[in-house]
Amino acid sequence: MELDELIPRLGAFAQAKYEDPAARVSDVHKMPGHAGFSYGFTVTSHDTRESWYLRLPPPNVRWVGTADVLRQVAALRALEGSSVPHCEVRWSGDDLEHFGRPYFVVPKLDGAVVGFAETSWVDGLDAETRASMARQAMIALAKIHRVNPGRAEYLGPPVPFVEDVKRWDRFMPKVADPERLRLVPEVRSLLLAGLPEGARVGIFHGDFQWSNVFYDPGGTLLAVIDWELTGIGATLNDVGWIATFNDPEAWSPEREPTGVMPLADELVELYREAWGEELRSLEWFRALAAYKFAIISGFNLGLHRRGRRPDPTWEQTALSIEPLLERARSLLSG
């Protein structure tokens, strides 16, 4: 939605929600990271001035899967009353009155994420602070996994392990540079041959990585954000995901994590300490994460090159497709 269309809609929305016909909206802007479908705005009403974050689904798509923003609401509502740092949903709905599509609004935070790769503001922090940031993140993740999934029934039934392997098959015909994914059949077979038994099922975030944990400038965790891929399923999916994104053996030299933030083995140990039990079959979930992201990278590279979703960063990310699949094979081969 363009800002010239959104601004008057936000004005009417604010006046309705604040029950103040004089409420004013200002500082409306697109937020980074969501292709323009998240917005920041400020409301002034009487003597109150508050800043908010609005999330909308993309236009002209079915409101399912990642485009169903109410899935994020379900996860965030399930966290209410817990000690997990998160954004509390202030308003949400599937009515079309305000924006012509479902929406939710949470307070706008002041701070930053660490990022896909380490960023300069984190470089300036001492090692003790960065270690504390990692510990806070993994403690928060363990707490998310202890939340009763019955509080988020909207998310649907658990994702079966076999489906979490096979559901990526449909992307393979659309990948770019298919020769880079030549190990996919072998890794897929190894994953299916070693399906884990007895893994804990609960609410998982789905994209738990440094880009989705939000800190204040001093390194205090303010919120786990961006719940687009949340669901009910094996909670170790999240541990495997963040481990993979911080595993030097899984990436090409162009993307290899620098070690400014703690790396995979330390993150896994922090989670194990927070969880208080051994993590059975973790290698399988780390391999699954590497397998998934290799295919995702090939698919998004194809979208970029066909002009469907231009984003040149996938050209560099795709250099890690082969290392990701090789790492997955290594983890599964023991």
# chains A, B, ... in the order shown; residues from 1 in each chain; ligands from 1
>>> residues_around(residues="range 104-109 of chain A", least_positions_apart="5", cutoff="9 Å", atoms="only C-alpha atoms", output="list of chain:residue names")
A:Gly40, A:Phe41, A:Thr42, A:Glu50, A:Ser51, A:Trp52, A:Tyr53, A:Leu54, A:Arg55, A:Leu56, A:Val69, A:Leu70, A:Gln72, A:Val73, A:Cys87, A:Glu88, A:Val89, A:Arg90, A:Trp91, A:Ser92, A:Gly93, A:Phe214, A:Asp216, A:Leu222, A:Ala223
>>> write_last_selection(atoms="N, CA and C atoms", output="mmCIF file, in the first residue's frame")
data_model
loop_
_atom_site.group_PDB
_atom_site.id
_atom_site.type_symbol
_atom_site.label_atom_id
_atom_site.label_comp_id
_atom_site.auth_asym_id
_atom_site.auth_seq_id
_atom_site.Cartn_x
_atom_site.Cartn_y
_atom_site.Cartn_z
ATOM 1 N N GLY A 40 5.777 2.101 10.113
ATOM 2 C CA GLY A 40 5.833 2.776 11.397
ATOM 3 C C GLY A 40 4.989 4.038 11.334
ATOM 4 N N PHE A 41 4.394 4.395 12.458
ATOM 5 C CA PHE A 41 3.632 5.640 12.515
ATOM 6 C C PHE A 41 3.499 6.086 13.966
ATOM 7 N N THR A 42 3.211 7.354 14.142
ATOM 8 C CA THR A 42 3.067 7.946 15.471
ATOM 9 C C THR A 42 1.682 8.574 15.590
ATOM 10 N N GLU A 50 2.423 8.337 20.919
ATOM 11 C CA GLU A 50 2.874 6.954 20.928
ATOM 12 C C GLU A 50 3.225 6.516 19.506
ATOM 13 N N SER A 51 4.267 5.683 19.413
ATOM 14 C CA SER A 51 4.710 5.184 18.116
ATOM 15 C C SER A 51 4.363 3.709 17.974
ATOM 16 N N TRP A 52 3.939 3.324 16.759
ATOM 17 C CA TRP A 52 3.402 1.998 16.516
ATOM 18 C C TRP A 52 4.000 1.379 15.257
ATOM 19 N N TYR A 53 3.839 0.069 15.165
ATOM 20 C CA TYR A 53 4.288 -0.728 14.020
ATOM 21 C C TYR A 53 3.062 -1.451 13.473
ATOM 22 N N LEU A 54 2.788 -1.277 12.184
ATOM 23 C CA LEU A 54 1.648 -1.906 11.519
ATOM 24 C C LEU A 54 2.149 -2.964 10.552
ATOM 25 N N ARG A 55 1.544 -4.133 10.598
ATOM 26 C CA ARG A 55 1.891 -5.217 9.672
ATOM 27 C C ARG A 55 0.664 -5.576 8.857
ATOM 28 N N LEU A 56 0.845 -5.608 7.525
ATOM 29 C CA LEU A 56 -0.208 -5.994 6.598
ATOM 30 C C LEU A 56 0.302 -7.126 5.709
ATOM 31 N N VAL A 69 -1.313 -12.785 8.472
ATOM 32 C CA VAL A 69 -0.671 -12.077 9.584
ATOM 33 C C VAL A 69 -1.282 -12.454 10.926
ATOM 34 N N LEU A 70 -2.464 -13.012 10.918
ATOM 35 C CA LEU A 70 -3.089 -13.390 12.186
ATOM 36 C C LEU A 70 -2.421 -14.615 12.807
ATOM 37 N N GLN A 72 0.785 -14.674 13.193
ATOM 38 C CA GLN A 72 1.725 -13.995 14.085
ATOM 39 C C GLN A 72 1.015 -13.527 15.346
ATOM 40 N N VAL A 73 -0.189 -13.023 15.169
ATOM 41 C CA VAL A 73 -0.976 -12.590 16.328
ATOM 42 C C VAL A 73 -1.204 -13.763 17.273
ATOM 43 N N CYS A 87 6.654 -8.323 21.544
ATOM 44 C CA CYS A 87 5.779 -7.167 21.342
ATOM 45 C C CYS A 87 4.337 -7.587 21.625
ATOM 46 N N GLU A 88 3.670 -6.873 22.493
ATOM 47 C CA GLU A 88 2.282 -7.191 22.793
ATOM 48 C C GLU A 88 1.373 -6.584 21.730
ATOM 49 N N VAL A 89 0.478 -7.385 21.211
ATOM 50 C CA VAL A 89 -0.436 -6.917 20.176
ATOM 51 C C VAL A 89 -1.436 -5.949 20.797
ATOM 52 N N ARG A 90 -1.476 -4.737 20.258
ATOM 53 C CA ARG A 90 -2.426 -3.737 20.764
ATOM 54 C C ARG A 90 -3.753 -3.815 20.021
ATOM 55 N N TRP A 91 -3.680 -3.939 18.705
ATOM 56 C CA TRP A 91 -4.888 -4.066 17.892
ATOM 57 C C TRP A 91 -4.619 -5.065 16.774
ATOM 58 N N SER A 92 -5.644 -5.826 16.409
ATOM 59 C CA SER A 92 -5.544 -6.733 15.274
ATOM 60 C C SER A 92 -6.943 -7.048 14.800
ATOM 61 N N GLY A 93 -7.051 -7.561 13.579
ATOM 62 C CA GLY A 93 -8.364 -7.936 13.103
ATOM 63 C C GLY A 93 -8.345 -8.459 11.689
ATOM 64 N N PHE A 214 15.646 -8.420 18.828
ATOM 65 C CA PHE A 214 15.734 -6.960 18.846
ATOM 66 C C PHE A 214 16.246 -6.495 20.213
ATOM 67 N N ASP A 216 18.127 -3.310 22.804
ATOM 68 C CA ASP A 216 18.396 -1.888 22.997
ATOM 69 C C ASP A 216 19.889 -1.649 22.771
ATOM 70 N N LEU A 222 14.951 -6.878 23.841
ATOM 71 C CA LEU A 222 13.643 -6.254 23.990
ATOM 72 C C LEU A 222 12.523 -7.136 23.468
ATOM 73 N N ALA A 223 12.783 -7.862 22.374
ATOM 74 C CA ALA A 223 11.711 -8.675 21.796
ATOM 75 C C ALA A 223 12.252 -9.638 20.767
#
>>> residues_around(residues="range 282-298 of chain A", least_positions_apart="6", cutoff="6 Å", atoms="only C-alpha atoms", output="list in words")
Val175, Ala176, Asn237, Gly240, Trp241, Ala318, Ile321, Leu324, Leu325, Ala328 and Leu331 of chain A
>>> residues_around(residues="Leu125 in chain A", least_positions_apart="2", cutoff="10 Å", atoms="only C-alpha atoms", output="ChimeraX atom specification")
/A:120-123,127-130,217-219,260
>>> residues_around(residues="Val165 in chain A", least_positions_apart="2", cutoff="10 Å", atoms="only C-alpha atoms", output="PyMOL selection string")
chain A and resi 160-163+167-169+187-189+191-192+195+288-289+291-292
>>> select_by_dssp(residues="range 178-301 of chain A", states="helix (DSSP H, G or I)", output="PyMOL selection string")
chain A and resi 178-181+184-193+210-212+236-245+248-250+264-275+282-301
>>> closest_residue(among="A:Trp251, A:Tyr271, A:Tyr215, A:Phe37", to="Glu322 in chain A", atoms="only C-alpha atoms")
A:Trp251
>>> closest_residue(among="A:Ile232, A:Ile242, A:Met1, A:Leu303", to="Gly156 in chain A", atoms="only C-alpha atoms")
A:Ile232
>>> residues_around(residues="Glu2 in chain A", least_positions_apart="4", cutoff="12 Å", atoms="only C-alpha atoms", output="ChimeraX atom specification")
/A:6-9,28-30,35-39,58-59,99
>>> atom_distance(atom1="CA of Val113 in chain A", atom2="CA of Gln209 in chain A")
9.7 Å
>>> select_by_dssp(residues="range 183-218 of chain A", states="strand (DSSP E or B)", output="NGL selection string")
:A and (201-204 or 213-215)
>>> closest_residue(among="A:Val201, A:Leu79, A:Met133, A:Leu181", to="Pro158 in chain A", atoms="only C-alpha atoms")
A:Val201
>>> residues_around(residues="Glu269 in chain A", least_positions_apart="6", cutoff="12 Å", atoms="only C-alpha atoms", output="ChimeraX atom specification")
/A:134-135,138-139,142,239,243,262-263,275-279,282
